[in-house]
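Here is the file entry00.cif (mmCIF, C-alpha atoms).
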data_final
loop_
_atom_site.label_atom_id
_atom_site.label_comp_id
_atom_site.auth_asym_id
_atom_site.auth_seq_id
_atom_site.Cartn_x
_atom_site.Cartn_y
_atom_site.Cartn_z
CA MET X 1 130.34 60.59 77.03
CA LEU X 2 131.58 60.83 80.57
CA GLU X 3 134.21 63.27 79.36
CA ALA X 4 131.56 65.59 77.91
CA GLY X 5 132.23 69.16 78.92
CA TRP X 6 135.67 68.38 80.33
CA PHE X 7 138.63 70.43 79.20
CA LEU X 8 142.07 70.81 80.71
CA HIS X 9 142.22 73.96 82.85
CA PRO X 10 144.21 76.67 81.00
CA GLN X 11 146.67 77.11 83.89
CA LEU X 12 147.49 73.39 83.93
CA ARG X 13 147.77 73.42 80.14
CA ASN X 14 150.14 76.36 80.40
CA ASP X 15 152.30 75.19 83.34
CA ALA X 16 152.75 71.53 82.42
CA ALA X 17 153.55 69.22 79.50
CA GLN X 18 151.04 66.57 78.50
CA VAL X 19 152.40 63.07 79.00
CA GLY X 20 149.32 61.17 77.82
CA ASP X 21 145.96 59.75 78.87
CA LEU X 22 145.31 56.88 81.26
CA ALA X 23 141.81 55.41 81.46
CA LEU X 24 140.56 58.16 83.76
CA SER X 25 143.26 60.78 84.03
CA CYS X 26 145.26 63.01 81.79
CA VAL X 27 148.90 62.79 82.96
CA LEU X 28 150.91 66.02 83.01
CA SER X 29 154.45 66.84 84.02
CA ILE X 30 155.95 70.08 85.34
CA ASN X 31 159.52 70.84 84.31
CA ASP X 32 161.17 71.22 87.70
CA ALA X 33 164.89 70.53 87.93
CA ASP X 34 164.74 69.67 91.63
CA TYR X 35 161.51 67.69 91.90
CA PRO X 36 160.36 65.30 89.14
CA TRP X 37 156.69 66.15 89.10
CA LEU X 38 153.66 64.44 87.60
CA ILE X 39 150.01 65.47 87.83
CA LEU X 40 146.88 63.40 87.27
CA VAL X 41 143.77 65.22 86.06
CA PRO X 42 140.63 63.05 85.92
CA ARG X 43 138.75 63.80 82.70
CA ARG X 44 135.47 64.50 84.44
CA ALA X 45 133.74 67.84 84.06
CA ASN X 46 133.08 70.11 87.04
CA VAL X 47 134.83 67.93 89.59
CA THR X 48 136.82 69.79 92.25
CA GLU X 49 136.97 67.29 95.12
CA ILE X 50 138.02 63.64 95.20
CA ALA X 51 134.72 62.99 96.97
CA ASP X 52 132.87 64.26 93.86
CA LEU X 53 134.29 61.46 91.72
CA GLY X 54 131.90 58.75 92.90
CA ASP X 55 132.92 55.32 91.62
CA ASP X 56 135.78 56.83 89.64
CA ALA X 57 137.66 57.45 92.90
CA THR X 58 138.75 53.79 92.86
CA LEU X 59 140.15 54.21 89.38
CA LEU X 60 141.91 57.40 90.40
CA MET X 61 143.56 55.54 93.28
CA ALA X 62 144.72 52.78 90.91
CA GLU X 63 146.27 55.45 88.67
CA ILE X 64 147.91 57.23 91.64
CA THR X 65 149.45 53.90 92.65
CA ARG X 66 150.62 53.07 89.14
CA VAL X 67 152.11 56.50 88.47
CA SER X 68 153.74 56.66 91.92
CA ARG X 69 155.46 53.33 91.28
CA VAL X 70 156.74 54.40 87.88
CA LEU X 71 158.02 57.70 89.28
CA LYS X 72 159.77 55.97 92.17
CA GLU X 73 161.38 53.35 89.93
CA LEU X 74 162.55 55.95 87.43
CA THR X 75 163.94 58.44 89.92
CA ARG X 76 164.97 56.09 92.77
CA CYS X 77 163.71 58.84 95.07
CA ASP X 78 163.38 58.44 98.85
CA LYS X 79 159.72 59.41 99.07
CA ILE X 80 156.71 60.09 96.88
CA ASN X 81 154.56 63.05 97.92
CA VAL X 82 150.93 62.95 96.80
CA ALA X 83 148.48 65.83 97.15
CA ALA X 84 145.14 67.09 95.90
CA ILE X 85 145.03 70.74 96.92
CA GLY X 86 143.29 72.81 94.23
CA ASN X 87 143.12 76.12 96.09
CA ILE X 88 144.37 77.95 93.00
CA VAL X 89 143.25 75.75 90.09
CA PRO X 90 139.84 74.36 91.10
CA GLN X 91 139.81 71.53 88.55
CA LEU X 92 140.60 68.32 90.48
CA HIS X 93 144.25 67.39 90.00
CA VAL X 94 146.61 65.20 92.01
CA HIS X 95 150.29 66.06 92.35
CA ILE X 96 152.73 63.14 92.49
CA VAL X 97 156.22 64.38 93.25
CA ALA X 98 159.58 62.66 93.80
CA ARG X 99 161.55 63.75 96.88
CA TRP X 100 165.01 63.03 98.20
CA LYS X 101 166.47 63.47 101.64
CA ARG X 102 169.15 65.57 99.97
CA ASP X 103 166.79 67.84 97.97
CA PRO X 104 166.73 71.61 98.67
CA LEU X 105 163.47 71.66 100.62
CA TRP X 106 163.52 68.31 102.42
CA PRO X 107 161.62 67.60 104.67
CA LYS X 108 159.28 70.48 103.86
CA ALA X 109 156.44 70.02 101.41
CA ILE X 110 156.99 71.83 98.12
CA TRP X 111 153.56 73.37 97.74
CA GLY X 112 153.34 77.05 98.40
CA VAL X 113 157.07 77.20 99.09
CA ALA X 114 159.06 76.69 95.93
CA VAL X 115 158.68 78.19 92.48
CA PRO X 116 159.74 75.50 90.00
CA ARG X 117 163.28 75.95 88.69
CA PRO X 118 163.03 74.52 85.16
CA GLY X 119 165.68 72.06 84.03
CA ASP X 120 167.01 72.03 80.49
CA ALA X 121 164.45 71.24 77.82
CA ALA X 122 166.21 68.16 76.47
CA SER X 123 166.39 66.44 79.87
CA PHE X 124 162.75 67.23 80.54
CA GLU X 125 161.74 65.88 77.15
CA ARG X 126 163.66 62.67 77.85
CA PHE X 127 161.96 62.34 81.24
CA VAL X 128 158.50 62.84 79.73
CA GLY X 129 159.31 60.32 76.99
CA THR X 130 160.43 57.73 79.54
CA VAL X 131 157.32 58.19 81.68
CA ARG X 132 155.18 57.94 78.57
CA SER X 133 156.83 54.68 77.62
CA ARG X 134 156.57 53.18 81.14
CA LEU X 135 152.90 54.11 81.35
CA GLU X 136 152.30 52.89 77.79
CA VAL X 137 150.49 56.08 76.82
CA GLU X 138 150.82 58.26 73.75
CA GLY X 139 151.70 61.92 73.68
CA PRO X 140 149.33 64.54 72.30
CA MET W 1 146.42 39.54 111.68
CA LEU W 2 146.97 42.15 108.99
CA GLU W 3 147.54 44.68 111.74
CA ALA W 4 150.32 42.59 113.25
CA GLY W 5 153.33 44.73 114.01
CA TRP W 6 151.46 47.98 113.39
CA PHE W 7 151.56 50.71 115.99
CA LEU W 8 150.73 54.38 115.74
CA HIS W 9 153.91 56.40 115.21
CA PRO W 10 154.81 58.24 118.46
CA GLN W 11 154.83 61.65 116.78
CA LEU W 12 151.31 61.17 115.42
CA ARG W 13 150.20 59.86 118.80
CA ASN W 14 151.68 62.93 120.42
CA ASP W 15 150.48 65.59 117.95
CA ALA W 16 146.92 64.40 117.36
CA ALA W 17 143.83 63.12 119.16
CA GLN W 18 142.46 59.70 118.30
CA VAL W 19 138.98 59.92 116.78
CA GLY W 20 138.46 56.21 116.20
CA ASP W 21 139.06 53.32 113.80
CA LEU W 22 137.55 52.81 110.36
CA ALA W 23 137.95 49.42 108.66
CA LEU W 24 141.48 50.21 107.46
CA SER W 25 142.54 53.48 109.02
CA CYS W 26 142.94 54.98 112.42
CA VAL W 27 141.40 58.49 112.27
CA LEU W 28 143.24 61.27 114.09
CA SER W 29 142.59 64.98 114.50
CA ILE W 30 145.02 67.84 115.07
CA ASN W 31 143.78 70.70 117.23
CA ASP W 32 144.25 73.63 114.86
CA ALA W 33 142.03 76.66 115.38
CA ASP W 34 142.33 77.78 111.76
CA TYR W 35 142.19 74.49 109.86
CA PRO W 36 139.97 71.60 110.96
CA TRP W 37 142.35 68.75 110.38
CA LEU W 38 141.88 65.00 110.17
CA ILE W 39 144.45 62.31 109.43
CA LEU W 40 143.98 58.75 108.23
CA VAL W 41 146.62 56.20 109.23
CA PRO W 42 146.18 52.76 107.63
CA ARG W 43 146.80 50.08 110.24
CA ARG W 44 149.35 48.24 108.13
CA ALA W 45 152.88 47.72 109.40
CA ASN W 46 155.90 49.10 107.55
CA VAL W 47 153.92 50.94 104.90
CA THR W 48 155.29 54.33 103.88
CA GLU W 49 153.87 54.83 100.38
CA ILE W 50 150.30 54.57 99.08
CA ALA W 51 151.72 52.29 96.39
CA ASP W 52 152.82 49.83 99.14
CA LEU W 53 149.22 49.25 100.23
CA GLY W 54 148.31 46.84 97.44
CA ASP W 55 144.60 46.04 97.42
CA ASP W 56 144.07 48.14 100.53
CA ALA W 57 144.59 51.29 98.44
CA THR W 58 140.99 50.99 97.26
CA LEU W 59 139.77 50.89 100.83
CA LEU W 60 141.97 53.86 101.73
CA MET W 61 140.40 55.83 98.88
CA ALA W 62 136.90 54.94 100.10
CA GLU W 63 137.88 56.21 103.57
CA ILE W 64 139.42 59.40 102.15
CA THR W 65 136.16 60.05 100.30
CA ARG W 66 133.99 59.33 103.32
CA VAL W 67 136.05 61.43 105.72
CA SER W 68 136.34 64.30 103.20
CA ARG W 69 132.56 64.41 102.86
CA VAL W 70 132.00 64.44 106.60
CA LEU W 71 134.59 67.19 107.09
CA LYS W 72 133.10 69.31 104.31
CA GLU W 73 129.55 68.90 105.61
CA LEU W 74 130.58 69.71 109.17
CA THR W 75 132.71 72.73 108.40
CA ARG W 76 131.01 74.02 105.24
CA CYS W 77 134.52 74.79 104.01
CA ASP W 78 135.32 75.92 100.48
CA LYS W 79 137.87 73.23 99.71
CA ILE W 80 139.22 69.99 101.10
CA ASN W 81 142.99 69.56 100.84
CA VAL W 82 144.27 65.98 100.81
CA ALA W 83 147.92 64.98 101.05
CA ALA W 84 150.18 62.03 101.77
CA ILE W 85 153.60 63.55 102.37
CA GLY W 86 155.44 61.64 105.08
CA ASN W 87 158.82 63.34 104.81
CA ILE W 88 159.01 63.75 108.58
CA VAL W 89 156.87 60.87 109.90
CA PRO W 90 157.50 57.93 107.56
CA GLN W 91 154.43 55.92 108.61
CA LEU W 92 151.86 56.34 105.81
CA HIS W 93 149.28 58.94 106.81
CA VAL W 94 146.89 61.06 104.79
CA HIS W 95 146.03 64.62 105.82
CA ILE W 96 142.47 65.79 105.13
CA VAL W 97 142.13 69.48 105.90
CA ALA W 98 139.29 72.01 105.59
CA ARG W 99 140.16 75.30 103.89
CA TRP W 100 138.30 78.55 103.35
CA LYS W 101 138.94 81.36 100.91
CA ARG W 102 139.05 83.63 103.96
CA ASP W 103 141.52 81.56 105.99
CA PRO W 104 144.93 83.01 106.94
CA LEU W 105 146.98 81.06 104.40
CA TRP W 106 144.58 80.75 101.46
CA PRO W 107 145.42 79.82 98.70
CA LYS W 108 148.73 78.44 99.97
CA ALA W 109 148.99 74.88 101.16
CA ILE W 110 149.42 74.58 104.93
CA TRP W 111 152.19 71.99 104.99
CA GLY W 112 155.59 73.30 105.88
CA VAL W 113 154.21 76.79 106.33
CA ALA W 114 152.02 77.03 109.39
CA VAL W 115 152.56 75.77 112.90
CA PRO W 116 149.14 74.76 114.25
CA ARG W 117 147.56 77.39 116.51
CA PRO W 118 145.53 75.25 118.94
CA GLY W 119 141.93 76.22 119.60
CA ASP W 120 140.37 75.89 123.04
CA ALA W 121 140.16 72.36 124.35
CA ALA W 122 136.38 72.29 124.72
CA SER W 123 135.73 73.29 121.09
CA PHE W 124 138.23 70.73 119.88
CA GLU W 125 136.66 68.03 122.01
CA ARG W 126 133.23 68.91 120.57
CA PHE W 127 134.63 68.75 117.04
CA VAL W 128 136.22 65.35 117.65
CA GLY W 129 132.98 64.09 119.20
CA THR W 130 130.95 65.25 116.21
CA VAL W 131 133.33 63.63 113.71
CA ARG W 132 133.26 60.44 115.77
CA SER W 133 129.49 60.40 115.67
CA ARG W 134 129.26 61.15 111.93
CA LEU W 135 131.78 58.41 111.15
CA GLU W 136 130.08 56.05 113.59
CA VAL W 137 133.34 55.14 115.27
CA GLU W 138 134.24 54.84 118.92
CA GLY W 139 136.93 56.75 120.71
CA PRO W 140 139.86 55.01 122.43
#

Just give me the structure of the file as structure tokens.
Amino acid sequence: MLEAGWFLHPQLRNDAAQVGDLALSCVLSINDADYPWLILVPRRANVTEIADLGDDATLLMAEITRVSRVLKELTRCDKINVAAIGNIVPQLHVHIVARWKRDPLWPKAIWGVAVPRPGDAASFERFVGTVRSRLEVEGP
Amino acid sequence: MLEAGWFLHPQLRNDAAQVGDLALSCVLSINDADYPWLILVPRRANVTEIADLGDDATLLMAEITRVSRVLKELTRCDKINVAAIGNIVPQLHVHIVARWKRDPLWPKAIWGVAVPRPGDAASFERFVGTVRSRLEVEGP
């Protein structure tokens, strides 16, 4: 019942693939050839700030930690960047992005700077499948 | 003893004022006239990723929530932006920044885009004092 009234924001639905559902969050992935990119969207209606989550904030942090670890192991990146911005899409969502010291924008943050350059569909599908399997979630 | 070996990274010490210490994190503030800006730095040595914090991640989330609320109440901003990037300063630190729909960069994220434009010292000192009082922490 806690999910009552929640739906994935149309822009997130449009821009990202659905990886699967953790206990709290829907996991998405943006097809970006330079920056492997996951997004957590807590399935709670009308929440725009982390501070609005109440007790669920602890669960969100556990999911950020779990997803960060999986992304780092999979990509062997140098750094994980985590951000909850939401100036464009108000629905609370947390970006978790893999960065390398040799990537095009390092050390700059990617938000507001880069437009994603999609990789080929087959590679992206493989990536999403691997994340899905590591997180033990099912696709839509 | 958990703080053994921890010290505030020189660049953070140089760029920001020290507000005070919460249970886990040292709270800093950057003097930016456009974006009231707080930073949480967990006092744990050699931690660069949220996922390295272990059980302390829960406490960090509680502090993010608490500090976000105080910043939103104080500034009456439209949105709180939260990010752990760390591509330049590797020591784990979490930015918590107040944003308005009328601010110069809205809806862009501020990281990597804007160089802080300092406000006058007296206003900044008042801001730091008010945050200190709301968080019930003591200055250095």

Computed gap from atom CA of W:Ala33 to atom CA of W:Pro118 is 5.2 Å

Practice problem: Run the PyMOL selection byres ((chain W) within 6 of (chain X)) on the file and write out the hits as a ChimeraX atom specification. | Solution: /W:51,58,65,81-85,87,107-109,111-112

Exercise for review: Considering only C-alpha atoms, return as a list in words whatever protein or nucleic-acid residues lie within 12 Å of X:Arg126, sequence-local ones (same chain, fewer than 5 positions apart) excluded.
Suggested key: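 Residues near the query, excluding close chain neighbours: Val19, Ser29, Asn31, Leu74, Gly119, Asp120, Ala121, Val131, Arg132 and Ser133 of chain X.
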
| Contacts of stretch 12-14 of chain X at 10 Å (only C-alpha atoms; same-chain gap of 6+ positions) as a list of chain:residue names |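 The residues that qualify are X:Leu28, X:Ser29, X:Ile30, X:Ile39, X:Val41, X:Val89, X:Gln91, X:His93.
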
note - atom CA of W:Tyr35 and atom CA of W:Leu71 are separated by 10.9 Å

If we count all atoms listed in the file and set the cut-off at 7 Å, which residues sit around X:Pro42, ignoring sequence neighbours fewer than 6 positions away in its own chain? Please answer as a list in words. Leu24, Ser25, Cys26, Leu92 and His93 of chain X

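You can rank W:His9, W:Arg134, W:Arg102, W:Arg44 by their closest distance to W:Cys77 using all atoms listed in the file, and at the top of that list sits W:Arg102.
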
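Going from atom CA of W:Thr130 over to atom CA of W:Asp15, you cover 19.6 Å.
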